Amino acid sequence: MPSTDKFQLVLFEGDFALPAIEPESIKSILYCKIAEAPVTVRLFNSYRNCALYKTPPLLLHDKVTCTDSEQIVAYLKCNNFNIDRELDPKQRSECLALKNLVQSKLKPAVEFNYWIEHRNSTEFLNIWFMKCLPIPLNYFYTGNFRNRAVDLMESLYPNETDKDVIKEYIQRAAIDCLQSLSSRLGNGEFFYGSKPTTLDVAVYSYVAPFIKIPFPLNEMYNVVNMWPNLVNLVKRIDNLYFPNVPKGSKYIRLEDKAKTTDDEVSYAAIVILTLSATSLILGFAYKNGYLTGKIPD
Amino acid sequence: MTLIEKISIELGAPEPWPSDVKLFQPYEAEQILLPDNANCLATQAFLKMCQLPYAVEPRPNAEAMSPTLKVPFIKAGRFVIAELEGIVQFVNGKDITLTQPLDNDEKSNLRAYMSLIHSVLEMAELYICWVDSETYNEVTSGRNGSVYPWPLNYIQNWNKRSQVIKKLKTLGWYDKKLEDVYSEVETCCESLQARLNDQKFFFDHGPTELDALVFGHLFTILTTPLPRSDLANIVRNYPSLIDLVKRIENEYFKK
């Protein structure tokens, strides 16, 4: 029996035409949309929604709380919102294997791009989260995300300390994986026929961020664009399930301004510096008697 | 795969397979643990499938000797290559391959299933060995520490355990309960069985590295005595997987 109660889904806010900023949240909201589960979305951007002290995505229903996307999908499947229902056992098996491939090869690439790549994390995502979340939580979550990413890199490559080398391994693994996915997808609409499955969900949530988020340093953007059928899959899912997600962005616009006004800011700084330096010198001179109000005879 | 391995694959390509290849691994009777044993066995099965001669060389510190800090690794002439994936590529570099007749689709399929085994069966084995306190106290701590003198065995155990726990935490396995781990293993075996579909091997034309990897893990799970035999019991529910394991054992290991 489908449950008639509403599910509550707590997510990080979306931006840059993405329904949510990070892959796990994207996965859960996309799954809910495809399964047509009756969810109310609560955005995780104010104190009122932050009282749970857990990392989104969260699913609240009756007294059950699911704390990660896997649990959410499993719980929704138990409640008869199963989008893999029409797969036969062999397809289901292949779907599981490919999902694992995506998880183990693309997730490190995403985490690396989000949090390890220094420019992306300090100049971009940090600012985004700082503006999105209220004050103690933004430090807490950005710190948490970064630690998690560092731990992931350390456990994947325990004896490698050079960031560039790690990046190369990760990108090579991601390219292999995208290659496999692209050849599996071919010209199909979705991976299995005309309806999306959990595999499409996983691919979307790890590929879309590379395409959409304007990272300062995004080598994966060009990599992903080598496979137009994957890009088209992302577009197709966007059109079908997120037609109303705003294309512009809430927080980047501020940043664009900050970027374009970068020179002006430095002019202002120069003026202030010059003024203060002159007044300091003048004050010093006046106090020591080099300068007096009197005109010499 | 490390840079060194990449170089060895490129440099080693033109040379034929040397006759004195050594496969380094921990001591099988006293020391080796379930996940390591599975990987060593998988590599041995792969080499036997390729009909490449090798000699097993047990070393107490094999793990620390390995370039990636994981067992097994082989020494072929001037080159040292670790782990099944690296070894497969090294062998492929010499134009010896088991995946020649596969098309791209099948190759990506093979890669996907190999990653499934690494991310489910291997994690489950690590979980059972290092997180489950009963198994840890009765088997893992004794075996892992067996090669070190008294105070060092505790330090090494503690060290290794915290490494493994950190890895499981980042991959989301540490928070799972034992039942969740079992259900993951069940799903994995189910999907392997569905893929195998009563064929002789995973791909029609003959054995591949995927068969070797599946054999390594399932054979080890079935034959290793542990205080909790649940994993083995789960695997026993899948007769065609058991057949596969028996077939590979008879064909390659009982000669």
# chains A, B, ... in the order shown; residues from 1 in each chain; ligands from 1
call {"tool": "interface_residues", "arguments": {"of": "chain B", "to": "chain A", "cutoff": "10 Å", "atoms": "only C-alpha atoms", "output": "compact mmCIF listing (two decimals) with all heavy atoms, in the first residue's frame"}}
result
# COMPACT_ATOMS: atom_id res chain seq x y z
N MET B 1 46.46 2.57 -9.44
CA MET B 1 47.73 2.21 -10.03
C MET B 1 48.72 3.36 -9.88
O MET B 1 48.39 4.49 -10.15
CB MET B 1 47.51 1.91 -11.51
CG MET B 1 48.66 1.17 -12.09
SD MET B 1 48.36 0.71 -13.79
CE MET B 1 47.81 2.22 -14.49
N THR B 2 49.89 3.05 -9.43
CA THR B 2 50.85 4.13 -9.22
C THR B 2 51.61 4.44 -10.50
O THR B 2 51.57 3.71 -11.47
CB THR B 2 51.88 3.76 -8.15
OG1 THR B 2 52.60 2.64 -8.63
CG2 THR B 2 51.23 3.44 -6.85
N LEU B 3 52.33 5.54 -10.43
CA LEU B 3 53.13 5.97 -11.58
C LEU B 3 54.16 4.92 -11.92
O LEU B 3 54.40 4.60 -13.09
CB LEU B 3 53.81 7.29 -11.23
CG LEU B 3 54.38 8.07 -12.39
CD1 LEU B 3 53.27 8.49 -13.33
CD2 LEU B 3 55.13 9.29 -11.89
N PRO B 67 54.30 -1.93 -3.31
CA PRO B 67 54.32 -0.51 -3.68
C PRO B 67 53.02 0.22 -3.36
O PRO B 67 53.04 1.43 -3.18
CB PRO B 67 54.59 -0.53 -5.19
CG PRO B 67 54.39 -1.92 -5.64
CD PRO B 67 54.57 -2.80 -4.46
N THR B 68 51.89 -0.47 -3.32
CA THR B 68 50.66 0.23 -2.97
C THR B 68 50.21 -0.09 -1.55
O THR B 68 49.10 0.25 -1.16
CB THR B 68 49.52 -0.16 -3.92
OG1 THR B 68 49.34 -1.57 -3.83
CG2 THR B 68 49.80 0.20 -5.34
N LEU B 69 51.05 -0.75 -0.78
CA LEU B 69 50.72 -1.19 0.59
C LEU B 69 49.57 -2.19 0.62
O LEU B 69 48.88 -2.31 1.61
CB LEU B 69 50.39 0.01 1.49
CG LEU B 69 51.49 1.07 1.63
CD1 LEU B 69 51.05 2.13 2.60
CD2 LEU B 69 52.80 0.45 2.09
N LYS B 70 49.34 -2.85 -0.48
CA LYS B 70 48.31 -3.90 -0.48
C LYS B 70 48.89 -5.15 -1.10
O LYS B 70 49.66 -5.07 -2.06
CB LYS B 70 47.10 -3.44 -1.29
CG LYS B 70 46.21 -2.50 -0.50
CD LYS B 70 45.06 -2.04 -1.37
CE LYS B 70 44.34 -0.90 -0.68
NZ LYS B 70 43.63 -0.08 -1.64
N ASN B 104 33.31 -3.58 -26.53
CA ASN B 104 33.42 -2.51 -25.54
C ASN B 104 32.34 -2.60 -24.45
O ASN B 104 32.60 -2.36 -23.28
CB ASN B 104 33.29 -1.15 -26.22
CG ASN B 104 34.61 -0.74 -26.81
OD1 ASN B 104 35.65 -1.30 -26.45
ND2 ASN B 104 34.58 0.21 -27.72
N ASP B 105 31.15 -2.95 -24.89
CA ASP B 105 30.05 -3.05 -23.95
C ASP B 105 30.34 -4.10 -22.87
O ASP B 105 30.16 -3.86 -21.68
CB ASP B 105 28.79 -3.43 -24.72
CG ASP B 105 27.59 -2.71 -24.19
OD1 ASP B 105 27.79 -1.66 -23.55
OD2 ASP B 105 26.47 -3.19 -24.41
N GLU B 106 30.84 -5.24 -23.33
CA GLU B 106 31.14 -6.32 -22.38
C GLU B 106 32.30 -5.94 -21.47
O GLU B 106 32.33 -6.29 -20.30
CB GLU B 106 31.46 -7.60 -23.14
CG GLU B 106 30.23 -8.26 -23.73
CD GLU B 106 30.57 -9.46 -24.59
OE1 GLU B 106 31.47 -9.36 -25.44
OE2 GLU B 106 29.92 -10.50 -24.39
N LYS B 107 33.27 -5.19 -22.04
CA LYS B 107 34.40 -4.77 -21.21
C LYS B 107 33.94 -3.83 -20.11
O LYS B 107 34.41 -3.91 -18.97
CB LYS B 107 35.46 -4.10 -22.08
CG LYS B 107 36.43 -5.09 -22.67
CD LYS B 107 37.55 -4.40 -23.42
CE LYS B 107 38.31 -5.45 -24.22
NZ LYS B 107 39.09 -4.90 -25.30
N SER B 108 33.02 -2.92 -20.45
CA SER B 108 32.55 -2.01 -19.41
C SER B 108 31.74 -2.78 -18.38
O SER B 108 31.78 -2.48 -17.18
CB SER B 108 31.76 -0.86 -20.01
OG SER B 108 30.54 -1.30 -20.50
N ASN B 109 31.03 -3.79 -18.85
CA ASN B 109 30.30 -4.66 -17.94
C ASN B 109 31.24 -5.35 -16.96
O ASN B 109 31.00 -5.38 -15.76
CB ASN B 109 29.62 -5.72 -18.81
CG ASN B 109 28.32 -6.16 -18.23
OD1 ASN B 109 28.32 -6.75 -17.17
ND2 ASN B 109 27.24 -5.84 -18.90
N LEU B 110 32.35 -5.86 -17.50
CA LEU B 110 33.35 -6.53 -16.69
C LEU B 110 33.91 -5.59 -15.62
O LEU B 110 34.02 -5.93 -14.44
CB LEU B 110 34.46 -7.03 -17.60
CG LEU B 110 35.69 -7.65 -16.94
CD1 LEU B 110 35.74 -9.10 -17.31
CD2 LEU B 110 36.96 -6.98 -17.38
N ARG B 111 34.21 -4.36 -16.06
CA ARG B 111 34.74 -3.38 -15.12
C ARG B 111 33.73 -3.07 -14.00
O ARG B 111 34.08 -2.97 -12.84
CB ARG B 111 35.09 -2.10 -15.89
CG ARG B 111 36.43 -1.55 -15.55
CD ARG B 111 36.75 -0.37 -16.43
NE ARG B 111 37.08 -0.78 -17.78
CZ ARG B 111 36.94 0.01 -18.85
NH1 ARG B 111 36.46 1.22 -18.75
NH2 ARG B 111 37.30 -0.42 -20.04
N ALA B 112 32.47 -2.96 -14.41
CA ALA B 112 31.43 -2.65 -13.43
C ALA B 112 31.32 -3.76 -12.38
O ALA B 112 31.26 -3.49 -11.18
CB ALA B 112 30.10 -2.45 -14.13
N TYR B 113 31.34 -5.01 -12.84
CA TYR B 113 31.20 -6.10 -11.86
C TYR B 113 32.43 -6.22 -10.97
O TYR B 113 32.32 -6.56 -9.79
CB TYR B 113 30.91 -7.42 -12.58
CG TYR B 113 29.46 -7.56 -12.91
CD1 TYR B 113 28.97 -7.18 -14.15
CD2 TYR B 113 28.55 -7.99 -11.95
CE1 TYR B 113 27.63 -7.26 -14.45
CE2 TYR B 113 27.21 -8.08 -12.24
CZ TYR B 113 26.75 -7.72 -13.48
OH TYR B 113 25.41 -7.78 -13.76
N MET B 114 33.62 -5.91 -11.54
CA MET B 114 34.80 -5.95 -10.69
C MET B 114 34.71 -4.88 -9.61
O MET B 114 35.06 -5.11 -8.45
CB MET B 114 36.07 -5.81 -11.52
CG MET B 114 36.34 -7.09 -12.28
SD MET B 114 37.82 -7.10 -13.25
CE MET B 114 39.10 -7.18 -12.05
N SER B 115 34.19 -3.71 -9.98
CA SER B 115 34.07 -2.67 -8.95
C SER B 115 32.99 -3.04 -7.94
O SER B 115 33.09 -2.71 -6.76
CB SER B 115 33.80 -1.31 -9.60
OG SER B 115 32.45 -1.04 -9.63
N LEU B 116 31.97 -3.75 -8.40
CA LEU B 116 30.95 -4.22 -7.45
C LEU B 116 31.57 -5.13 -6.40
O LEU B 116 31.32 -4.98 -5.19
CB LEU B 116 29.84 -4.97 -8.21
CG LEU B 116 28.77 -5.63 -7.36
CD1 LEU B 116 27.86 -4.59 -6.76
CD2 LEU B 116 27.95 -6.61 -8.17
N ILE B 117 32.43 -6.05 -6.85
CA ILE B 117 33.04 -6.98 -5.89
C ILE B 117 33.97 -6.24 -4.94
O ILE B 117 33.96 -6.47 -3.73
CB ILE B 117 33.76 -8.10 -6.64
CG1 ILE B 117 32.72 -8.99 -7.31
CG2 ILE B 117 34.60 -8.94 -5.69
CD1 ILE B 117 33.26 -9.89 -8.33
N HIS B 118 34.75 -5.32 -5.49
CA HIS B 118 35.64 -4.56 -4.61
C HIS B 118 34.86 -3.74 -3.60
O HIS B 118 35.24 -3.64 -2.44
CB HIS B 118 36.53 -3.63 -5.44
CG HIS B 118 37.68 -4.34 -6.07
ND1 HIS B 118 38.60 -5.04 -5.32
CD2 HIS B 118 38.06 -4.48 -7.35
CE1 HIS B 118 39.49 -5.57 -6.13
NE2 HIS B 118 39.17 -5.25 -7.37
N SER B 119 33.77 -3.14 -4.04
CA SER B 119 33.11 -2.23 -3.11
C SER B 119 32.09 -2.93 -2.23
O SER B 119 31.63 -2.32 -1.26
CB SER B 119 32.48 -1.06 -3.86
OG SER B 119 31.55 -1.52 -4.78
N VAL B 120 31.71 -4.15 -2.52
CA VAL B 120 30.79 -4.83 -1.60
C VAL B 120 31.48 -5.99 -0.86
O VAL B 120 31.61 -5.96 0.36
CB VAL B 120 29.52 -5.32 -2.32
CG1 VAL B 120 28.62 -6.05 -1.35
CG2 VAL B 120 28.78 -4.16 -2.93
N GLN B 163 43.34 2.18 10.77
CA GLN B 163 43.36 2.47 9.32
C GLN B 163 42.12 1.92 8.62
O GLN B 163 41.47 2.60 7.84
CB GLN B 163 44.58 1.83 8.68
CG GLN B 163 45.83 2.69 8.71
CD GLN B 163 47.02 1.90 8.19
OE1 GLN B 163 46.88 0.90 7.50
NE2 GLN B 163 48.20 2.35 8.56
N VAL B 164 41.84 0.65 8.94
CA VAL B 164 40.70 0.00 8.27
C VAL B 164 39.41 0.71 8.65
O VAL B 164 38.55 0.97 7.79
CB VAL B 164 40.64 -1.49 8.64
CG1 VAL B 164 39.37 -2.12 8.13
CG2 VAL B 164 41.84 -2.22 8.08
N ILE B 165 39.28 1.06 9.92
CA ILE B 165 38.05 1.70 10.37
C ILE B 165 37.87 3.05 9.68
O ILE B 165 36.77 3.41 9.26
CB ILE B 165 38.04 1.83 11.90
CG1 ILE B 165 37.76 0.45 12.48
CG2 ILE B 165 36.99 2.82 12.37
CD1 ILE B 165 37.74 0.40 13.97
N LYS B 166 38.98 3.75 9.52
CA LYS B 166 38.89 5.04 8.82
C LYS B 166 38.40 4.85 7.39
O LYS B 166 37.54 5.58 6.91
CB LYS B 166 40.27 5.69 8.82
CG LYS B 166 40.28 7.09 8.31
CD LYS B 166 41.66 7.68 8.48
CE LYS B 166 41.81 8.87 7.57
NZ LYS B 166 43.19 9.28 7.44
N LYS B 167 38.95 3.83 6.75
CA LYS B 167 38.53 3.55 5.38
C LYS B 167 37.04 3.21 5.32
O LYS B 167 36.31 3.73 4.48
CB LYS B 167 39.36 2.38 4.84
CG LYS B 167 39.05 2.05 3.42
CD LYS B 167 40.03 1.04 2.87
CE LYS B 167 39.70 0.80 1.41
NZ LYS B 167 40.64 -0.08 0.77
N LEU B 168 36.61 2.34 6.24
CA LEU B 168 35.20 1.94 6.23
C LEU B 168 34.30 3.14 6.53
O LEU B 168 33.21 3.25 5.98
CB LEU B 168 34.95 0.82 7.24
CG LEU B 168 35.59 -0.51 6.91
CD1 LEU B 168 35.37 -1.50 8.03
CD2 LEU B 168 35.03 -1.07 5.62
N LYS B 169 34.78 4.03 7.40
CA LYS B 169 33.97 5.21 7.71
C LYS B 169 33.77 6.07 6.49
O LYS B 169 32.67 6.53 6.21
CB LYS B 169 34.68 6.04 8.79
CG LYS B 169 34.16 5.79 10.18
CD LYS B 169 34.81 6.74 11.15
CE LYS B 169 34.48 6.32 12.55
NZ LYS B 169 35.45 6.81 13.52
N THR B 170 34.86 6.32 5.75
CA THR B 170 34.71 7.22 4.61
C THR B 170 33.87 6.60 3.52
O THR B 170 33.24 7.30 2.76
CB THR B 170 36.07 7.60 3.98
OG1 THR B 170 36.76 6.40 3.68
CG2 THR B 170 36.90 8.43 4.90
N LEU B 171 33.86 5.28 3.46
CA LEU B 171 33.05 4.66 2.41
C LEU B 171 31.65 4.30 2.91
O LEU B 171 30.88 3.65 2.22
CB LEU B 171 33.76 3.41 1.87
CG LEU B 171 35.10 3.75 1.22
CD1 LEU B 171 35.86 2.50 0.86
CD2 LEU B 171 34.90 4.61 -0.01
N GLY B 172 31.35 4.73 4.13
CA GLY B 172 29.99 4.56 4.63
C GLY B 172 29.65 3.17 5.14
O GLY B 172 28.49 2.82 5.27
N THR B 187 22.61 -9.10 -1.70
CA THR B 187 22.28 -8.42 -2.96
C THR B 187 23.38 -8.62 -3.99
O THR B 187 23.09 -8.86 -5.17
CB THR B 187 22.14 -6.89 -2.76
OG1 THR B 187 21.86 -6.64 -1.40
CG2 THR B 187 21.09 -6.31 -3.63
N CYS B 188 24.61 -8.54 -3.52
CA CYS B 188 25.74 -8.69 -4.43
C CYS B 188 25.75 -10.08 -5.03
O CYS B 188 25.86 -10.24 -6.26
CB CYS B 188 27.03 -8.40 -3.68
SG CYS B 188 28.50 -8.65 -4.65
N CYS B 189 25.62 -11.12 -4.18
CA CYS B 189 25.63 -12.49 -4.69
C CYS B 189 24.47 -12.73 -5.64
O CYS B 189 24.62 -13.39 -6.67
CB CYS B 189 25.54 -13.48 -3.54
SG CYS B 189 27.01 -13.55 -2.56
N GLU B 190 23.32 -12.15 -5.28
CA GLU B 190 22.15 -12.33 -6.12
C GLU B 190 22.41 -11.78 -7.51
O GLU B 190 22.09 -12.41 -8.52
CB GLU B 190 20.98 -11.58 -5.48
CG GLU B 190 19.65 -12.23 -5.66
CD GLU B 190 18.65 -11.50 -4.80
OE1 GLU B 190 18.65 -11.75 -3.58
OE2 GLU B 190 17.90 -10.69 -5.34
N SER B 191 23.03 -10.57 -7.53
CA SER B 191 23.23 -9.98 -8.85
C SER B 191 24.32 -10.72 -9.61
O SER B 191 24.25 -10.82 -10.84
CB SER B 191 23.51 -8.49 -8.73
OG SER B 191 24.83 -8.28 -8.43
N LEU B 192 25.30 -11.26 -8.90
CA LEU B 192 26.31 -12.07 -9.59
C LEU B 192 25.67 -13.31 -10.18
O LEU B 192 25.95 -13.70 -11.32
CB LEU B 192 27.42 -12.47 -8.62
CG LEU B 192 28.42 -11.39 -8.22
CD1 LEU B 192 29.38 -11.93 -7.19
CD2 LEU B 192 29.18 -10.89 -9.43
N GLN B 193 24.79 -13.93 -9.39
CA GLN B 193 24.14 -15.14 -9.88
C GLN B 193 23.28 -14.83 -11.11
O GLN B 193 23.29 -15.57 -12.09
CB GLN B 193 23.29 -15.75 -8.77
CG GLN B 193 22.35 -16.82 -9.26
CD GLN B 193 22.24 -17.97 -8.29
OE1 GLN B 193 23.22 -18.49 -7.78
NE2 GLN B 193 21.02 -18.37 -8.02
N ALA B 194 22.58 -13.67 -11.03
CA ALA B 194 21.73 -13.30 -12.17
C ALA B 194 22.59 -13.05 -13.41
O ALA B 194 22.21 -13.40 -14.52
CB ALA B 194 20.93 -12.05 -11.84
N ARG B 195 23.76 -12.46 -13.21
CA ARG B 195 24.65 -12.18 -14.34
C ARG B 195 25.21 -13.47 -14.92
O ARG B 195 25.30 -13.64 -16.12
CB ARG B 195 25.79 -11.27 -13.89
CG ARG B 195 26.84 -10.99 -14.93
CD ARG B 195 26.27 -10.14 -16.04
NE ARG B 195 27.20 -9.96 -17.15
CZ ARG B 195 27.50 -10.88 -18.05
NH1 ARG B 195 26.94 -12.07 -17.99
NH2 ARG B 195 28.36 -10.65 -19.02
N LEU B 196 25.54 -14.40 -14.02
CA LEU B 196 26.15 -15.66 -14.46
C LEU B 196 25.15 -16.50 -15.24
O LEU B 196 25.48 -17.09 -16.27
CB LEU B 196 26.66 -16.43 -13.24
CG LEU B 196 27.49 -17.66 -13.50
CD1 LEU B 196 28.73 -17.29 -14.26
CD2 LEU B 196 27.86 -18.33 -12.19
N ASN B 197 23.91 -16.52 -14.73
CA ASN B 197 22.80 -17.07 -15.51
C ASN B 197 23.09 -18.49 -16.00
O ASN B 197 22.85 -18.82 -17.17
CB ASN B 197 22.57 -16.13 -16.71
CG ASN B 197 21.18 -16.30 -17.26
OD1 ASN B 197 20.36 -16.99 -16.66
ND2 ASN B 197 20.92 -15.70 -18.40
call {"tool": "residues_around", "arguments": {"residues": "region 197-204 of chain A", "least_positions_apart": "4", "cutoff": "9 Å", "atoms": "only C-alpha atoms", "output": "PyMOL selection string"}}
result
chain A and resi 23+26-28+30-31+34+73+83-85+87+95-96+98-99+102-103+106+181+190-192+208-209+230+233-234+237
call {"tool": "select_by_dssp", "arguments": {"residues": "region 12-199 of chain A", "states": "strand (DSSP E)", "output": "list in words"}}
result
Val39, Thr40, Val41, Arg42, Leu43, Leu58, Leu59, Leu60, His61, Val64, Thr65 and Cys66 of chain A
call {"tool": "select_by_dssp", "arguments": {"residues": "region 26-98 of chain B", "states": "helix (DSSP H, G or I)", "output": "ChimeraX atom specification"}}
result
/B:34-49,62-65,84-93
call {"tool": "decode", "arguments": {"residues": "region 78-145 of chain B", "atoms": "C-alpha atoms", "output": "mmCIF file, in the first residue's frame"}}
result
data_model
loop_
_atom_site.group_PDB
_atom_site.id
_atom_site.type_symbol
_atom_site.label_atom_id
_atom_site.label_comp_id
_atom_site.auth_asym_id
_atom_site.auth_seq_id
_atom_site.Cartn_x
_atom_site.Cartn_y
_atom_site.Cartn_z
ATOM 1 C CA ARG B 78 63.035 -5.824 -12.919
ATOM 2 C CA PHE B 79 59.437 -4.862 -12.236
ATOM 3 C CA VAL B 80 57.277 -4.946 -9.131
ATOM 4 C CA ILE B 81 53.544 -4.684 -9.669
ATOM 5 C CA ALA B 82 50.834 -4.828 -7.033
ATOM 6 C CA GLU B 83 47.167 -5.797 -6.927
ATOM 7 C CA LEU B 84 45.032 -7.625 -9.430
ATOM 8 C CA GLU B 85 44.171 -4.593 -11.614
ATOM 9 C CA GLY B 86 47.806 -3.599 -11.973
ATOM 10 C CA ILE B 87 48.907 -7.137 -12.702
ATOM 11 C CA VAL B 88 46.152 -7.577 -15.281
ATOM 12 C CA GLN B 89 47.339 -4.460 -17.087
ATOM 13 C CA PHE B 90 50.960 -5.565 -16.870
ATOM 14 C CA VAL B 91 50.070 -8.914 -18.394
ATOM 15 C CA ASN B 92 47.909 -7.251 -21.060
ATOM 16 C CA GLY B 93 50.924 -5.116 -21.950
ATOM 17 C CA LYS B 94 52.664 -8.314 -23.012
ATOM 18 C CA ASP B 95 49.807 -9.112 -25.381
ATOM 19 C CA ILE B 96 48.500 -11.832 -23.121
ATOM 20 C CA THR B 97 44.852 -11.108 -22.433
ATOM 21 C CA LEU B 98 41.721 -12.957 -21.452
ATOM 22 C CA THR B 99 39.394 -10.227 -22.674
ATOM 23 C CA GLN B 100 40.380 -10.224 -26.366
ATOM 24 C CA PRO B 101 37.023 -11.417 -27.745
ATOM 25 C CA LEU B 102 34.960 -8.974 -25.669
ATOM 26 C CA ASP B 103 33.407 -5.908 -27.263
ATOM 27 C CA ASN B 104 33.415 -2.510 -25.535
ATOM 28 C CA ASP B 105 30.045 -3.049 -23.946
ATOM 29 C CA GLU B 106 31.139 -6.319 -22.384
ATOM 30 C CA LYS B 107 34.397 -4.775 -21.213
ATOM 31 C CA SER B 108 32.552 -2.014 -19.414
ATOM 32 C CA ASN B 109 30.302 -4.662 -17.943
ATOM 33 C CA LEU B 110 33.350 -6.532 -16.686
ATOM 34 C CA ARG B 111 34.744 -3.375 -15.117
ATOM 35 C CA ALA B 112 31.432 -2.651 -13.428
ATOM 36 C CA TYR B 113 31.200 -6.103 -11.859
ATOM 37 C CA MET B 114 34.801 -5.951 -10.689
ATOM 38 C CA SER B 115 34.070 -2.671 -8.955
ATOM 39 C CA LEU B 116 30.948 -4.216 -7.453
ATOM 40 C CA ILE B 117 33.036 -6.976 -5.891
ATOM 41 C CA HIS B 118 35.640 -4.561 -4.611
ATOM 42 C CA SER B 119 33.105 -2.231 -3.112
ATOM 43 C CA VAL B 120 30.790 -4.830 -1.595
ATOM 44 C CA LEU B 121 32.467 -8.179 -0.927
ATOM 45 C CA GLU B 122 35.823 -6.715 0.024
ATOM 46 C CA MET B 123 34.279 -4.110 2.314
ATOM 47 C CA ALA B 124 32.094 -6.758 3.924
ATOM 48 C CA GLU B 125 35.167 -8.924 4.550
ATOM 49 C CA LEU B 126 37.040 -5.989 6.075
ATOM 50 C CA TYR B 127 34.023 -5.205 8.224
ATOM 51 C CA ILE B 128 33.745 -8.758 9.529
ATOM 52 C CA CYS B 129 37.468 -9.017 10.231
ATOM 53 C CA TRP B 130 38.090 -5.672 11.872
ATOM 54 C CA VAL B 131 34.823 -4.201 13.129
ATOM 55 C CA ASP B 132 32.924 -7.211 14.387
ATOM 56 C CA SER B 133 34.423 -7.608 17.852
ATOM 57 C CA GLU B 134 33.953 -11.369 18.104
ATOM 58 C CA THR B 135 35.872 -12.082 14.917
ATOM 59 C CA TYR B 136 38.438 -9.431 15.710
ATOM 60 C CA ASN B 137 39.236 -10.821 19.133
ATOM 61 C CA GLU B 138 39.215 -14.474 18.205
ATOM 62 C CA VAL B 139 40.824 -14.448 14.782
ATOM 63 C CA THR B 140 42.040 -11.154 13.403
ATOM 64 C CA SER B 141 44.074 -9.835 16.313
ATOM 65 C CA GLY B 142 45.870 -13.138 16.788
ATOM 66 C CA ARG B 143 46.660 -13.695 13.155
ATOM 67 C CA ASN B 144 47.598 -10.157 12.248
ATOM 68 C CA GLY B 145 49.846 -9.867 15.298
#
